[in-house]
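Engineer: Enclosed is the structure file entry31.txt (compact mmCIF, C-alpha atoms).
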# COMPACT_ATOMS: atom_id res chain seq x y z
CA GLY M 1 142.60 112.15 177.91
CA GLU M 2 140.76 113.57 180.86
CA ASP M 3 137.29 112.14 181.37
CA VAL M 4 134.34 112.38 183.71
CA GLU M 5 131.73 109.65 184.02
CA GLN M 6 128.36 109.66 185.74
CA SER M 7 125.25 107.53 185.76
CA LEU M 8 122.58 108.79 183.38
CA PHE M 9 119.34 108.56 185.35
CA LEU M 10 118.11 108.70 188.92
CA SER M 11 114.51 108.57 190.04
CA VAL M 12 113.45 109.40 193.60
CA ARG M 13 110.31 110.25 195.55
CA GLU M 14 109.75 113.72 196.95
CA GLY M 15 111.21 113.99 200.44
CA ASP M 16 113.81 111.28 199.89
CA SER M 17 117.54 111.93 199.58
CA SER M 18 119.15 111.79 196.15
CA VAL M 19 122.76 110.75 195.62
CA ILE M 20 124.39 111.42 192.28
CA ASN M 21 127.77 109.84 191.68
CA CYS M 22 130.66 110.79 189.46
CA THR M 23 134.16 109.51 188.72
CA TYR M 24 136.93 111.49 187.10
CA THR M 25 140.36 110.69 185.74
CA ASP M 26 142.43 113.85 186.20
CA SER M 27 144.09 113.53 189.59
CA SER M 28 145.53 117.04 189.28
CA SER M 29 142.10 118.69 189.27
CA THR M 30 142.15 121.38 191.92
CA TYR M 31 138.43 121.92 192.02
CA LEU M 32 135.46 119.72 191.21
CA TYR M 33 132.07 121.12 190.42
CA TRP M 34 128.40 120.34 190.26
CA TYR M 35 126.23 122.18 187.77
CA LYS M 36 122.46 122.02 187.36
CA GLN M 37 120.63 122.39 184.05
CA GLU M 38 116.89 122.86 184.03
CA PRO M 39 114.94 122.27 180.80
CA GLY M 40 115.72 124.94 178.23
CA ALA M 41 118.09 126.76 180.57
CA GLY M 42 121.83 127.18 180.87
CA LEU M 43 124.21 125.66 183.37
CA GLN M 44 123.88 126.88 186.92
CA LEU M 45 126.83 126.42 189.26
CA LEU M 46 125.46 124.59 192.32
CA THR M 47 128.55 124.01 194.36
CA TYR M 48 132.21 123.08 194.13
CA ILE M 49 134.78 121.43 196.33
CA PHE M 50 138.48 122.01 196.65
CA SER M 51 140.54 118.87 196.14
CA ASN M 52 142.03 118.92 199.65
CA MET M 53 138.56 118.66 201.21
CA ASP M 54 136.61 115.48 201.87
CA MET M 55 133.22 117.04 202.33
CA LYS M 56 131.38 120.27 201.80
CA GLN M 57 127.87 121.04 202.99
CA ASP M 58 125.72 123.81 201.64
CA GLN M 59 122.14 123.79 202.95
CA ARG M 60 120.48 120.70 201.40
CA LEU M 61 123.55 119.85 199.34
CA THR M 62 126.42 117.68 200.54
CA VAL M 63 129.43 117.01 198.35
CA LEU M 64 131.70 114.09 199.19
CA LEU M 65 135.10 113.67 197.58
CA ASN M 66 137.19 110.50 197.67
CA LYS M 67 140.38 111.65 196.04
CA LYS M 68 142.03 108.25 196.23
CA ASP M 69 139.23 106.65 194.21
CA LYS M 70 138.60 109.83 192.17
CA HIS M 71 134.96 109.67 193.17
CA LEU M 72 132.68 112.61 193.74
CA SER M 73 129.09 112.53 194.92
CA LEU M 74 126.31 115.04 195.39
CA ARG M 75 123.65 114.37 197.98
CA ILE M 76 120.45 116.36 197.92
CA ALA M 77 118.49 116.07 201.16
CA ASP M 78 114.69 116.29 201.20
CA THR M 79 114.50 116.24 197.41
CA GLN M 80 111.74 118.40 195.94
CA THR M 81 110.03 118.30 192.54
CA GLY M 82 111.84 121.53 191.73
CA ASP M 83 115.12 119.63 191.96
CA SER M 84 114.20 117.71 188.80
CA ALA M 85 116.94 118.62 186.32
CA ILE M 86 120.14 117.36 184.77
CA TYR M 87 123.13 117.46 187.10
CA PHE M 88 126.60 117.70 185.63
CA CYS M 89 129.79 116.80 187.37
CA ALA M 90 132.86 118.67 186.09
CA SER M 91 136.57 118.74 186.80
CA GLY M 92 139.05 121.44 185.94
CA ASN M 93 141.69 120.41 183.40
CA GLN M 94 145.38 120.39 184.26
CA ALA M 95 146.02 123.83 182.81
CA GLY M 96 143.12 125.28 184.78
CA THR M 97 141.64 126.70 181.62
CA ALA M 98 138.70 124.43 180.91
CA LEU M 99 136.05 122.33 182.56
CA ILE M 100 135.62 118.70 181.60
CA PHE M 101 132.00 117.64 181.96
CA GLY M 102 130.30 114.34 182.41
CA LYS M 103 127.22 113.44 180.36
CA GLY M 104 124.90 114.55 183.11
CA THR M 105 122.55 112.67 185.41
CA THR M 106 118.84 113.26 184.85
CA LEU M 107 117.15 113.44 188.24
CA SER M 108 113.42 112.78 188.20
CA VAL M 109 111.49 113.53 191.38
CA SER M 110 107.98 112.16 191.74
CA SER M 111 105.41 113.37 194.25
CA GLU D 1 123.23 139.42 190.61
CA PRO D 2 125.56 139.80 187.60
CA GLU D 3 125.02 137.26 184.85
CA VAL D 4 126.37 136.19 181.49
CA THR D 5 124.01 137.00 178.64
CA GLN D 6 123.92 135.51 175.14
CA THR D 7 122.21 136.49 171.92
CA PRO D 8 120.37 135.25 170.03
CA SER D 9 118.66 132.52 172.02
CA HIS D 10 118.01 130.56 168.85
CA GLN D 11 119.70 130.86 165.47
CA VAL D 12 118.69 128.95 162.37
CA THR D 13 121.07 129.00 159.45
CA GLN D 14 121.71 127.16 156.22
CA MET D 15 124.70 124.93 155.72
CA GLY D 16 127.69 126.88 154.48
CA GLN D 17 126.59 130.18 155.99
CA GLU D 18 128.60 132.14 158.53
CA VAL D 19 127.16 132.71 161.99
CA ILE D 20 128.26 134.90 164.86
CA LEU D 21 127.13 134.06 168.36
CA ARG D 22 127.34 136.85 170.89
CA CYS D 23 128.01 136.90 174.59
CA VAL D 24 128.33 139.58 177.24
CA PRO D 25 130.43 138.19 180.11
CA ILE D 26 130.23 139.41 183.69
CA SER D 27 131.87 142.81 183.75
CA ASN D 28 134.84 142.23 186.08
CA HIS D 29 135.67 138.80 184.65
CA LEU D 30 138.85 138.36 182.67
CA TYR D 31 138.60 134.82 181.32
CA PHE D 32 136.08 133.81 178.70
CA TYR D 33 135.03 130.45 177.32
CA TRP D 34 132.86 128.79 174.76
CA TYR D 35 131.38 125.34 175.20
CA ARG D 36 128.90 123.41 173.12
CA GLN D 37 126.40 120.68 173.84
CA ILE D 38 125.10 118.55 171.03
CA LEU D 39 121.64 117.28 171.92
CA GLY D 40 121.91 114.41 174.41
CA GLN D 41 125.69 114.63 174.58
CA LYS D 42 128.28 115.98 176.99
CA VAL D 43 129.03 119.64 177.32
CA GLU D 44 132.29 120.02 175.41
CA PHE D 45 134.96 122.65 175.84
CA LEU D 46 135.75 124.65 172.70
CA VAL D 47 138.05 127.50 173.62
CA SER D 48 139.27 129.75 176.41
CA PHE D 49 140.32 133.35 175.92
CA TYR D 50 142.30 135.76 178.04
CA ASN D 51 144.02 139.07 177.41
CA ASN D 52 142.82 139.12 173.81
CA GLU D 53 144.36 135.76 173.04
CA ILE D 54 143.24 132.18 172.88
CA SER D 55 144.57 130.39 175.98
CA GLU D 56 143.54 126.92 174.99
CA LYS D 57 141.39 125.27 172.37
CA SER D 58 140.05 121.78 171.87
CA GLU D 59 140.26 119.58 168.78
CA ILE D 60 136.74 120.69 167.90
CA PHE D 61 137.87 124.29 167.54
CA ASP D 62 139.29 124.06 164.02
CA ASP D 63 139.90 126.74 161.40
CA GLN D 64 136.17 127.18 160.89
CA PHE D 65 135.89 128.71 164.34
CA SER D 66 137.19 132.01 165.62
CA VAL D 67 136.64 134.13 168.71
CA GLU D 68 136.92 137.81 169.27
CA ARG D 69 136.45 140.43 171.91
CA PRO D 70 135.56 143.33 169.62
CA ASP D 71 135.00 145.83 172.41
CA GLY D 72 135.12 145.98 176.21
CA SER D 73 131.95 144.04 176.76
CA ASN D 74 131.21 141.54 173.98
CA PHE D 75 132.78 138.16 173.30
CA THR D 76 131.87 136.46 170.04
CA LEU D 77 132.16 133.04 168.46
CA LYS D 78 132.18 132.91 164.67
CA ILE D 79 131.63 129.78 162.64
CA ARG D 80 132.81 130.53 159.14
CA SER D 81 130.99 127.92 157.08
CA THR D 82 128.47 126.00 159.13
CA LYS D 83 127.96 122.26 158.80
CA LEU D 84 124.99 120.16 159.88
CA GLU D 85 127.07 118.74 162.73
CA ASP D 86 127.56 122.24 164.15
CA SER D 87 123.95 122.13 165.32
CA ALA D 88 124.17 122.36 169.09
CA MET D 89 123.62 124.57 172.11
CA TYR D 90 126.55 126.95 172.48
CA PHE D 91 127.33 128.21 175.96
CA CYS D 92 129.48 131.17 176.80
CA ALA D 93 131.09 131.34 180.23
CA SER D 94 133.30 133.74 182.11
CA SER D 95 135.41 133.64 185.24
CA GLU D 96 137.26 136.12 187.35
CA ARG D 97 140.48 134.17 187.64
CA ARG D 98 142.28 131.21 186.17
CA GLY D 99 143.16 128.23 188.31
CA PHE D 100 140.83 128.94 191.18
CA TYR D 101 137.77 129.90 189.24
CA GLU D 102 134.05 129.66 189.09
CA GLN D 103 132.85 129.65 185.55
CA TYR D 104 129.49 131.31 185.20
CA PHE D 105 127.52 130.20 182.18
CA GLY D 106 125.10 132.05 179.98
CA PRO D 107 121.73 130.57 179.00
CA GLY D 108 123.07 129.39 175.66
CA THR D 109 122.33 129.90 171.97
CA ARG D 110 120.67 127.02 170.18
CA LEU D 111 122.18 126.83 166.70
CA THR D 112 120.26 124.84 164.11
CA VAL D 113 121.97 124.25 160.77
CA THR D 114 119.67 123.07 157.98
Taking this structure as input, can you express it in the form of structure tokens?
Structural biologist:
Amino acid sequence: GEDVEQSLFLSVREGDSSVINCTYTDSSSTYLYWYKQEPGAGLQLLTYIFSNMDMKQDQRLTVLLNKKDKHLSLRIADTQTGDSAIYFCASGNQAGTALIFGKGTTLSVSS
Amino acid sequence: EPEVTQTPSHQVTQMGQEVILRCVPISNHLYFYWYRQILGQKVEFLVSFYNNEISEKSEIFDDQFSVERPDGSNFTLKIRSTKLEDSAMYFCASSERRGFYEQYFGPGTRLTVT
């Protein structure tokens, strides 16, 4: 079935760049998403990328998509302590009715 | 900014009891979803709902689960006879369109079955 995989932990220093990686299996996914979950909170849509794009930049966030390798990454420039959270990669299923999530990458930012 | 709301934020129930989790989607959205996240696990899709019908459901969404849009604003998830393994965070989401869509999530209801 469709699956999304991501590394579980990433630790960076404040001011550094963070890169969170994700691979997915469903080549028909039209959109790929990054969600952020802060402790005790719900899922916040951070950004998404259309499958015919290679890159999308949104302020400190850069999303790179390698469709051939089914690899998605999220780069956070100038990482702040407030960026500490769990980041979920998600792909849309073939029917376009559901999101398939990875397990989430816990980003820890130290000052 | 419009948001999805969910009540209650935390529900504790005994095994075998029925629970209803409530959601108010964003008002102009037409597609509604339930997901769950067992502690430390992936967020898992349960069901999608459109035009008063289930569009798609996962293997998790068995006969113990049902969804309903009882009026123009609420969207509910009912678990008929709760089991210990139903303990999880349940997220409601809504989107304006299918296909191209941004699913906006509510803050979740933490269900604890004892």
Engineer: What are the nearest atom pairs, with distances in Å to one decimal, for all residues of chain D that come at most 7 Å from chain M, using all atoms listed in the file, set out by chain and rising residue number as CSV?
Structural biologist:
residue,atom,partner,partner_atom,distance
D:Gln41,CA,M:Lys103,CA,6.1
D:Lys42,CA,M:Lys103,CA,4.4
D:Val43,CA,M:Phe101,CA,5.9
D:Glu44,CA,M:Phe101,CA,7.0
D:Phe45,CA,M:Ala98,CA,6.5
D:Ser48,CA,M:Thr97,CA,6.5
D:Glu56,CA,M:Thr97,CA,6.9
D:Arg98,CA,M:Gly96,CA,6.1
D:Gly99,CA,M:Gly96,CA,4.6
D:Tyr104,CA,M:Leu45,CA,6.9
D:Phe105,CA,M:Leu43,CA,5.7
D:Gly106,CA,M:Gly42,CA,5.9
D:Pro107,CA,M:Gly42,CA,3.9
D:Gly108,CA,M:Gly42,CA,5.8
Engineer: Out of M:Lys70, M:Ser84, M:Phe9, M:Glu38, which residue has the shortest atom-to-atom distance to Ser110 in chain M when counting all atoms listed in the file?
Structural biologist: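 Nearest candidate to Ser110 in chain M out of M:Lys70, M:Ser84, M:Phe9, M:Glu38: M:Ser84.
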Engineer: Hey, what's within 10 Å of Ile38 in chain D if we count all atoms listed in the file and toss same-chain stuff fewer than 4 positions away? As a PyMOL selection string, please?
Structural biologist: chain D and resi 42-44+85-90+110-111
Engineer: Could you write out the selected residues, including C-alpha atoms, as a compact mmCIF listing (two decimals), in the frame of the given file?
Structural biologist:
# COMPACT_ATOMS: atom_id res chain seq x y z
CA LYS D 42 128.28 115.98 176.99
CA VAL D 43 129.03 119.64 177.32
CA GLU D 44 132.29 120.02 175.41
CA GLU D 85 127.07 118.74 162.73
CA ASP D 86 127.56 122.24 164.15
CA SER D 87 123.95 122.13 165.32
CA ALA D 88 124.17 122.36 169.09
CA MET D 89 123.62 124.57 172.11
CA TYR D 90 126.55 126.95 172.48
CA ARG D 110 120.67 127.02 170.18
CA LEU D 111 122.18 126.83 166.70
Engineer: Tell me which protein, DNA and RNA residues are within 9 Å of Phe65 in chain D, counting only C-alpha atoms, leaving out same-chain ones fewer than 4 positions away, and put them as a list in words.
Structural biologist: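 Within the cut-off, the hits are Ile60, Phe61, Leu77, Lys78, Ile79, Arg80 and Ser81 of chain D.
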Engineer: Rounded to one decimal, what separation in Å do you get between CA of Val12 in chain M and CA of Asp69 in chain M?
Structural biologist: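 Spanning CA of Val12 in chain M to CA of Asp69 in chain M is a straight-line distance of 25.9 Å.
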Engineer: Report, in Å to a single decimal, how far apart CA of Gln103 in chain D and CA of Lys56 in chain M are.
Structural biologist: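 Between these atoms lies a distance of 18.8 Å.
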Engineer: Return the single residue from D:Val19, D:Leu84, D:Ile54, D:Ile26 that is closest to Pro2 in chain D, with distances computed using only C-alpha atoms.
Structural biologist: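 Of D:Val19, D:Leu84, D:Ile54, D:Ile26, the one nearest Pro2 in chain D, counting only C-alpha atoms, is D:Ile26.
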Engineer: Using all atoms listed in the file, which residue out of D:Glu102, D:Val113, D:Thr5, D:Ile20 lies closest to Leu46 in chain M?
Structural biologist: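 Of D:Glu102, D:Val113, D:Thr5, D:Ile20, the one nearest Leu46 in chain M, counting all atoms listed in the file, is D:Glu102.
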Engineer: Quick one: residues within 6 Å of Tyr31 in chain D, all atoms listed in the file counted, chain neighbours fewer than 2 positions away excluded, as a list of chain:residue names?
Structural biologist: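 Near neighbours after the sequence-gap exclusion: D:His29, D:Phe49, D:Tyr50, D:Ser94, D:Ser95.
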Engineer: Which one is closest to Trp34 in chain M: M:Cys22, M:Met55, M:Leu107, M:Ala77? Count only C-alpha atoms.
Structural biologist: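 Residue with the minimum atom-to-atom distance to Trp34 in chain M: M:Cys22.
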Engineer: What separation in Å, quoted to one decimal, exists between CA of Leu72 in chain M and CA of Tyr24 in chain M?
Structural biologist: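 CA of Tyr24 in chain M lies 8.0 Å from CA of Leu72 in chain M.
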Engineer: Which residue gives the smallest distance to Ser111 in chain M among M:Ile20, M:Asp58, M:Asp83, M:Cys89, with only C-alpha atoms counted?
Structural biologist: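 Closest to Ser111 in chain M of all the choices is M:Asp83.
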Engineer: For Thr82 in chain D, which residue among D:Arg22, D:Thr112, D:Asn52, D:Gly40 is the nearest when counting all atoms listed in the file?
Structural biologist: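 Among D:Arg22, D:Thr112, D:Asn52, D:Gly40, it is D:Thr112 that comes nearest to Thr82 in chain D.
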Engineer: Neighbouring residues of Ser17 in chain M were defined as those with any atom within 12 Å, considering all atoms listed in the file; residues of the same chain fewer than 5 positions away were excluded. Please report them as a ChimeraX atom specification.
Structural biologist: /M:10-12,60-62,74-80,83,107,109
Engineer: Which polymer residues have any atom within 8 Å of an atom of Pro25 in chain D, counting all atoms listed in the file, with same-chain residues fewer than 2 positions away left out, as a ChimeraX atom specification?
Structural biologist: /D:3-5,23,27,29,32,73-75,92-94
Engineer: Could you add whatever atoms are missing so that range 19-54 of chain M carries N, CA and C atoms, then write the result as a compact mmCIF listing (two decimals), in the frame of the given file?
Structural biologist:
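File written: result-v7.txt
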# COMPACT_ATOMS: atom_id res chain seq x y z
N VAL M 19 121.29 110.79 195.68
CA VAL M 19 122.76 110.75 195.62
C VAL M 19 123.18 110.54 194.18
N ILE M 20 123.90 111.49 193.66
CA ILE M 20 124.39 111.42 192.28
C ILE M 20 125.89 111.22 192.34
N ASN M 21 126.36 110.21 191.62
CA ASN M 21 127.77 109.84 191.68
C ASN M 21 128.52 110.19 190.41
N CYS M 22 129.82 110.36 190.57
CA CYS M 22 130.66 110.79 189.46
C CYS M 22 132.08 110.26 189.69
N THR M 23 132.74 109.83 188.63
CA THR M 23 134.16 109.51 188.72
C THR M 23 134.91 110.34 187.69
N TYR M 24 136.14 110.66 188.00
CA TYR M 24 136.93 111.49 187.10
C TYR M 24 138.33 110.90 187.00
N THR M 25 139.05 111.30 185.96
CA THR M 25 140.36 110.69 185.74
C THR M 25 141.52 111.61 186.09
N ASP M 26 141.30 112.91 186.05
CA ASP M 26 142.43 113.85 186.20
C ASP M 26 142.72 114.08 187.68
N SER M 27 143.76 113.43 188.17
CA SER M 27 144.09 113.53 189.59
C SER M 27 144.63 114.92 189.96
N SER M 28 144.98 115.72 188.96
CA SER M 28 145.53 117.04 189.28
C SER M 28 144.44 118.11 189.37
N SER M 29 143.19 117.72 189.19
CA SER M 29 142.10 118.69 189.27
C SER M 29 142.09 119.35 190.64
N THR M 30 142.12 120.66 190.65
CA THR M 30 142.15 121.38 191.92
C THR M 30 140.75 121.54 192.49
N TYR M 31 139.81 121.75 191.60
CA TYR M 31 138.43 121.92 192.02
C TYR M 31 137.53 120.98 191.23
N LEU M 32 136.47 120.55 191.88
CA LEU M 32 135.46 119.72 191.21
C LEU M 32 134.11 120.38 191.45
N TYR M 33 133.26 120.29 190.46
CA TYR M 33 132.07 121.12 190.42
C TYR M 33 130.81 120.30 190.17
N TRP M 34 129.71 120.85 190.65
CA TRP M 34 128.40 120.34 190.26
C TRP M 34 127.59 121.48 189.67
N TYR M 35 127.08 121.23 188.46
CA TYR M 35 126.23 122.18 187.77
C TYR M 35 124.85 121.57 187.60
N LYS M 36 123.85 122.44 187.55
CA LYS M 36 122.46 122.02 187.36
C LYS M 36 121.93 122.66 186.08
N GLN M 37 121.22 121.87 185.28
CA GLN M 37 120.63 122.39 184.05
C GLN M 37 119.15 122.05 184.04
N GLU M 38 118.33 123.07 184.12
CA GLU M 38 116.89 122.86 184.03
C GLU M 38 116.48 122.91 182.56
N PRO M 39 115.33 122.33 182.22
CA PRO M 39 114.94 122.27 180.80
C PRO M 39 114.98 123.64 180.13
N GLY M 40 115.66 123.71 179.01
CA GLY M 40 115.72 124.94 178.23
C GLY M 40 116.59 126.03 178.82
N ALA M 41 117.28 125.73 179.90
CA ALA M 41 118.09 126.76 180.57
C ALA M 41 119.57 126.44 180.45
N GLY M 42 120.39 127.37 180.89
CA GLY M 42 121.83 127.18 180.87
C GLY M 42 122.31 126.40 182.08
N LEU M 43 123.60 126.41 182.27
CA LEU M 43 124.21 125.66 183.37
C LEU M 43 124.36 126.57 184.58
N GLN M 44 123.81 126.10 185.69
CA GLN M 44 123.88 126.88 186.92
C GLN M 44 124.87 126.22 187.87
N LEU M 45 125.87 126.97 188.31
CA LEU M 45 126.83 126.42 189.26
C LEU M 45 126.12 126.18 190.59
N LEU M 46 126.12 124.93 191.05
CA LEU M 46 125.46 124.59 192.32
C LEU M 46 126.43 124.70 193.47
N THR M 47 127.56 124.04 193.31
CA THR M 47 128.55 124.01 194.36
C THR M 47 129.85 123.46 193.79
N TYR M 48 130.93 123.65 194.53
CA TYR M 48 132.21 123.08 194.13
C TYR M 48 132.97 122.69 195.39
N ILE M 49 133.98 121.87 195.20
CA ILE M 49 134.78 121.43 196.33
C ILE M 49 136.24 121.49 195.95
N PHE M 50 137.04 121.96 196.86
CA PHE M 50 138.48 122.01 196.65
C PHE M 50 139.04 120.61 196.88
N SER M 51 140.06 120.25 196.14
CA SER M 51 140.54 118.87 196.14
C SER M 51 141.15 118.42 197.46
N ASN M 52 141.47 119.34 198.36
CA ASN M 52 142.03 118.92 199.65
C ASN M 52 140.94 118.75 200.73
N MET M 53 139.68 118.86 200.29
CA MET M 53 138.56 118.66 201.21
C MET M 53 137.94 117.29 200.96
N ASP M 54 137.34 116.74 202.01
CA ASP M 54 136.61 115.48 201.87
C ASP M 54 135.12 115.72 201.70
